[in-house]
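Undergrad: Sharing a structure with you now.
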Amino acid sequence: MSGHSHADGVLPHEPEKATLEGRNKVLGFWLFLGGETVLFGTLFSVFIALRDQVNGGPTANELFSLTIVAIATLILLTSSLTSVFAIQAMHRNEPKAMVGWLLVTVLFGLAFLGLEIYEFVEYAHEGHTFAASAFSTSFYTLVGFHGGHVAFGILWISLLIWQVLRRGLTVVTAPKIYIAGLYWHFIDVVWVFIFTVVYLMGKVG
Amino acid sequence: MTAEHATAVEQPKKRVKHEGPKKHIIAYIFSLVLTILAFATVITGEVSVNFVYVMLVLMAGVQVFIQMAFWMHMKDRGHLFPIIGILSGVIIVFTMIIMAVYWAWW
């Protein structure tokens, strides 16, 4: 198992690309992100088509509070930056700094998720429940799928932190951290379209 | 054999110079400014709905381009296949969005 003896040796530059397995993981993950794009695009197109079918319930303009959305946007954008810092710490071979930045990223993710749950509960109190209208169903499906991705990302990165603390930063663990970073950026990219299309365009009318 | 080959470590020929955080912070500031502009357009602007829509989509597009180029490293060398992978998804998405907008709003 010479591959694993390498894993304990000196960490190469850009450890996520140092092995064929690592490079394949990154490429495969990009193809997965292509599929994720299609998933979210489908949900966006459904939402765009159905967003005015409120069935007598509150409209987007009456419902949405831009303050909460702005705070959530700021949190997620900043968490995207802290995950960049984690990857840069990985490239400098500083596992402690990397774990620190990953922890900050996870905490921001939890804050975002908490805010989204609070928001959904508020909406439900105003009669905007999942089955209330075509607008509410397509809204919760789209934004909820994004929230589910955030929840999965929090779980995934937490497990990776645990693995790095146990096994160290190696050519085996580095590609995992790198693609988790890609995933987190992708979540933020999807959110840019959500706050634009769902919230801001909903406020405009 | 295959497993060993897959985990064989290749050291780059030259020492790679690590990039600093500077351009990532610049990307962050650009994203932040575009976000604030987008919210400000909606809060203050009573221009015309279509104009606001176009501005919002443009600002979102620029922000996503910046984040994908810098944070997801798509501007770096050796990213042809990632670009093909994500672009194939984007093409399908545009087809669907245009279809939904056409059917529902025209």
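Going by the structure tokens order, chains are called A, B, ..., each with residues numbered from 1, while ligands are numbered from 1 in the order shown.
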Please check the contacts: residues of chain A at most 6 Å away from chain B, using only C-alpha atoms, listed as a PDB file with C-alpha atoms, in the first residue's frame.

TA:
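Contents of iface25.pdb, freshly written:
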```
ATOM      1  CA  GLY A   3      -0.294   4.938  -1.883  1.00  0.00           C
ATOM      2  CA  PRO A  12       2.366  18.162  -2.316  1.00  0.00           C
ATOM      3  CA  ALA A  18      -1.855  15.359  -6.784  1.00  0.00           C
ATOM      4  CA  THR A  19      -3.481  11.963  -7.418  1.00  0.00           C
ATOM      5  CA  LEU A  20      -5.525  10.624 -10.317  1.00  0.00           C
ATOM      6  CA  GLU A  21      -8.265   9.751  -7.844  1.00  0.00           C
ATOM      7  CA  TRP A  30     -18.312  19.260 -11.792  1.00  0.00           C
ATOM      8  CA  LEU A  31     -20.502  16.904 -13.826  1.00  0.00           C
ATOM      9  CA  GLY A  34     -24.142  20.291 -14.054  1.00  0.00           C
ATOM     10  CA  THR A  37     -27.933  23.115 -12.216  1.00  0.00           C
ATOM     11  CA  VAL A  38     -30.650  21.253 -14.127  1.00  0.00           C
ATOM     12  CA  GLY A  41     -33.283  25.281 -13.134  1.00  0.00           C
ATOM     13  CA  SER A  45     -38.844  27.544 -14.253  1.00  0.00           C
ATOM     14  CA  ALA A  49     -44.519  30.018 -14.291  1.00  0.00           C
ATOM     15  CA  LEU A 182     -16.974  23.791  -4.604  1.00  0.00           C
ATOM     16  CA  VAL A 189     -24.426  30.834  -6.528  1.00  0.00           C
TER      17      VAL A 189
END
```

Undergrad: Quick check, in Å to one decimal: how far apart do atom CA of Thr82 of chain A and atom CA of Leu43 of chain A lie?

TA: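 Here the two named atoms are 28.2 Å from each other.
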
Undergrad: At a cut-off of 9 Å, using only C-alpha atoms, what residues contact Val198 of chain A? Leave out same-chain residues fewer than 5 positions from it and give the result as a PyMOL selection string.

TA: chain A and resi 44+47-48+51+60+139+143+193+203

Undergrad: Interatomic distance between atom CA of Phe40 of chain A and atom CA of Lys17 of chain A?

TA: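 Taking atom CA of Phe40 of chain A as the start and atom CA of Lys17 of chain A as the end point, the length is 28.5 Å.
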